[in-house]
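Participant: Got a structure for you, questions after.
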Amino acid sequence: MPRFPISEKQINGSKAVIGGADYRHIVKVLRLRTGDPVTLFDDSSFEHYGTIAEIGSRELTVKISETRRVNTDSPIRITLLQGLPRGDRMDYIVEKATELGVHTVVPVITERSQVRTSQKKRRWERIAVEASKQCGRTIPTVIEDTLNFIEALNIYNDNALKIILHVNSEASMKEFLNNSLQFSKNIILFIGPEGGFSETEILLSSELGFTSLGLGPRTLRTETASVAVLSIIQFHHGDL
């Protein structure tokens, strides 16, 4: 059943009004008609089930027949600090991070980033919403403004478990996470762009409490590393 985000102000009693891009998607792309079932979800972890009651020229009305609380968001709060990659790789990372339950994604410009600026926040927010529709989340991943490396270290410097991936690290992710003392409900994960982090960046992050970890003998692409580590963390301490 198609799922669409909705805010409380769009709901009045047992009716919900949908306009804008979601209206166009429902009517023009999916070609749904009166009587077709849809699911609506809000950021309070509620899903609303109903059918299309009326289709106007710019808005449509859904008659809600059932509302229930759902629990599809991760029990751990993961913040992904992602070194800004080239091309559309960040699109893929945002999509998969959303599917894997990441709370926040922060694009970061590092020393080896080949992309030095980005104006794609709205695009990534749309991707996060679309991925939430598909995977059943009610709260899409938050996409923050792009930061530089020092800004990211200073802003995300709380009491969370802080991990930074480094290809030359002798400490393994597997052994680290198998230690029950490393369990945390709040995890900050820093992954570099193509080329990884410089030794200076690893030293600076270490001084601020980040633990440098490796992913084994093979060097992974940045988008592969993101999906791999998030899957490992969710398998060990989350909901996979």
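Ordering of the structure tokens sets the chain letters (A, B, ...); residue numbers start at 1 within each chain; ligands are numbered from 1 in the order shown.
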Which residues of segment 84-191 of chain A sit at most 10 Å from segment 20-42 of chain A, using only C-alpha atoms? Give each one's shortest atom pair and distance in Å (one decimal place), in chain and ascending residue order, as JSON lines.

Facilitator:
{"residue": "A:Ser132", "atom": "CA", "partner": "A:Phe41", "partner_atom": "CA", "distance": 9.7}
{"residue": "A:Lys133", "atom": "CA", "partner": "A:Phe41", "partner_atom": "CA", "distance": 8.6}
{"residue": "A:Gly136", "atom": "CA", "partner": "A:Phe41", "partner_atom": "CA", "distance": 8.9}
{"residue": "A:Arg137", "atom": "CA", "partner": "A:Phe41", "partner_atom": "CA", "distance": 8.4}
{"residue": "A:Thr138", "atom": "CA", "partner": "A:Phe41", "partner_atom": "CA", "distance": 5.6}
{"residue": "A:Ile139", "atom": "CA", "partner": "A:Asp42", "partner_atom": "CA", "distance": 7.3}
{"residue": "A:Pro140", "atom": "CA", "partner": "A:Asp42", "partner_atom": "CA", "distance": 9.8}

Participant: Just want the 7 Å neighbourhood of Pro193 of chain A, counted on only C-alpha atoms, with same-chain residues fewer than 4 positions away dropped. Output as an MDAnalysis selection string.

Facilitator: chainID A and resid 83:85 112:113 222

Participant: May I have the selected residues written with N, CA and C atoms, as a compact mmCIF listing (two decimals), in the first residue's frame?

Facilitator:
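Wrote it out as out-v3.txt, contents follow:
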# COMPACT_ATOMS: atom_id res chain seq x y z
N GLY A 83 32.01 12.03 5.07
CA GLY A 83 32.86 12.82 4.19
C GLY A 83 32.23 12.93 2.82
N LEU A 84 32.13 14.15 2.31
CA LEU A 84 31.39 14.41 1.08
C LEU A 84 32.05 13.73 -0.11
N PRO A 85 31.34 12.79 -0.76
CA PRO A 85 31.91 12.07 -1.91
C PRO A 85 31.58 12.76 -3.23
N ARG A 112 40.64 15.55 2.23
CA ARG A 112 40.74 14.85 0.96
C ARG A 112 39.45 14.86 0.15
N SER A 113 38.47 15.63 0.58
CA SER A 113 37.22 15.73 -0.19
C SER A 113 37.50 16.40 -1.53
N THR A 222 33.68 4.54 -0.16
CA THR A 222 33.04 5.24 0.96
C THR A 222 31.57 4.85 1.12

Participant: Using only C-alpha atoms, which of A:Glu201, A:Arg58, A:Leu240, A:Thr67 sits nearest Ile150 of chain A?

Facilitator: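 Result for the nearest residue to Ile150 of chain A: A:Glu201.
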
Participant: Pick out each residue of segment 201-233 of chain A that DSSP on the backbone tags as helix (DSSP H, G or I); I need them as a ChimeraX atom specification.

Facilitator: /A:201-207,222-233

Participant: Emit the selected residues as an mmCIF file, in the first residue's frame, including N, CA, C and O atoms.

Facilitator:
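Below is the file that was written, result.cif:
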data_model
loop_
_atom_site.group_PDB
_atom_site.id
_atom_site.type_symbol
_atom_site.label_atom_id
_atom_site.label_comp_id
_atom_site.auth_asym_id
_atom_site.auth_seq_id
_atom_site.Cartn_x
_atom_site.Cartn_y
_atom_site.Cartn_z
ATOM 1 N N GLU A 201 43.931 14.430 10.528
ATOM 2 C CA GLU A 201 42.517 14.359 10.911
ATOM 3 C C GLU A 201 42.271 13.242 11.914
ATOM 4 O O GLU A 201 41.500 13.401 12.862
ATOM 5 N N ILE A 202 42.910 12.106 11.715
ATOM 6 C CA ILE A 202 42.761 10.996 12.654
ATOM 7 C C ILE A 202 43.289 11.403 14.027
ATOM 8 O O ILE A 202 42.672 11.112 15.069
ATOM 9 N N LEU A 203 44.410 12.108 14.070
ATOM 10 C CA LEU A 203 44.991 12.559 15.333
ATOM 11 C C LEU A 203 44.060 13.546 16.032
ATOM 12 O O LEU A 203 43.818 13.431 17.240
ATOM 13 N N LEU A 204 43.525 14.499 15.283
ATOM 14 C CA LEU A 204 42.613 15.481 15.874
ATOM 15 C C LEU A 204 41.355 14.816 16.425
ATOM 16 O O LEU A 204 40.891 15.140 17.525
ATOM 17 N N SER A 205 40.795 13.884 15.664
ATOM 18 C CA SER A 205 39.583 13.209 16.126
ATOM 19 C C SER A 205 39.871 12.366 17.365
ATOM 20 O O SER A 205 39.048 12.286 18.289
ATOM 21 N N SER A 206 41.051 11.748 17.405
ATOM 22 C CA SER A 206 41.431 10.944 18.566
ATOM 23 C C SER A 206 41.533 11.796 19.819
ATOM 24 O O SER A 206 41.131 11.382 20.911
ATOM 25 N N GLU A 207 42.049 13.002 19.670
ATOM 26 C CA GLU A 207 42.172 13.914 20.805
ATOM 27 C C GLU A 207 40.815 14.316 21.360
ATOM 28 O O GLU A 207 40.698 14.687 22.535
ATOM 29 N N THR A 222 33.678 4.541 -0.158
ATOM 30 C CA THR A 222 33.039 5.237 0.961
ATOM 31 C C THR A 222 31.574 4.847 1.118
ATOM 32 O O THR A 222 31.083 4.663 2.232
ATOM 33 N N GLU A 223 30.849 4.671 0.001
ATOM 34 C CA GLU A 223 29.434 4.312 0.108
ATOM 35 C C GLU A 223 29.270 2.874 0.593
ATOM 36 O O GLU A 223 28.310 2.544 1.300
ATOM 37 N N THR A 224 30.220 1.995 0.232
ATOM 38 C CA THR A 224 30.173 0.619 0.714
ATOM 39 C C THR A 224 30.485 0.569 2.201
ATOM 40 O O THR A 224 29.836 -0.149 2.969
ATOM 41 N N ALA A 225 31.483 1.345 2.625
ATOM 42 C CA ALA A 225 31.851 1.387 4.039
ATOM 43 C C ALA A 225 30.694 1.872 4.898
ATOM 44 O O ALA A 225 30.424 1.318 5.978
ATOM 45 N N SER A 226 29.975 2.877 4.424
ATOM 46 C CA SER A 226 28.844 3.405 5.193
ATOM 47 C C SER A 226 27.790 2.336 5.432
ATOM 48 O O SER A 226 27.348 2.108 6.563
ATOM 49 N N VAL A 227 27.387 1.663 4.358
ATOM 50 C CA VAL A 227 26.364 0.622 4.479
ATOM 51 C C VAL A 227 26.864 -0.535 5.336
ATOM 52 O O VAL A 227 26.123 -1.061 6.190
ATOM 53 N N ALA A 228 28.125 -0.929 5.158
ATOM 54 C CA ALA A 228 28.672 -2.054 5.905
ATOM 55 C C ALA A 228 28.704 -1.770 7.411
ATOM 56 O O ALA A 228 28.244 -2.583 8.218
ATOM 57 N N VAL A 229 29.239 -0.615 7.788
ATOM 58 C CA VAL A 229 29.367 -0.299 9.220
ATOM 59 C C VAL A 229 28.006 -0.105 9.866
ATOM 60 O O VAL A 229 27.763 -0.578 10.991
ATOM 61 N N LEU A 230 27.108 0.579 9.197
ATOM 62 C CA LEU A 230 25.768 0.778 9.757
ATOM 63 C C LEU A 230 25.065 -0.565 9.957
ATOM 64 O O LEU A 230 24.386 -0.775 10.972
ATOM 65 N N SER A 231 25.237 -1.469 9.013
ATOM 66 C CA SER A 231 24.630 -2.798 9.144
ATOM 67 C C SER A 231 25.229 -3.557 10.321
ATOM 68 O O SER A 231 24.514 -4.223 11.082
ATOM 69 N N ILE A 232 26.554 -3.458 10.484
ATOM 70 C CA ILE A 232 27.222 -4.137 11.586
ATOM 71 C C ILE A 232 26.729 -3.605 12.929
ATOM 72 O O ILE A 232 26.411 -4.370 13.849
ATOM 73 N N ILE A 233 26.660 -2.284 13.058
ATOM 74 C CA ILE A 233 26.215 -1.674 14.316
ATOM 75 C C ILE A 233 24.778 -2.072 14.626
ATOM 76 O O ILE A 233 24.447 -2.444 15.764
#

Participant: Between atom CA of Ala152 of chain A and atom CA of Ile187 of chain A, measure the distance and give it in Å to one decimal.

Facilitator: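 Here the two named atoms are 14.3 Å from each other.
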
Participant: Please indicate the distance in Å from atom CA of Val17 of chain A to atom CA of Leu60 of chain A, rounded to one decimal place.

Facilitator: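 Computed distance, atom CA of Val17 of chain A to atom CA of Leu60 of chain A, equals 5.8 Å.
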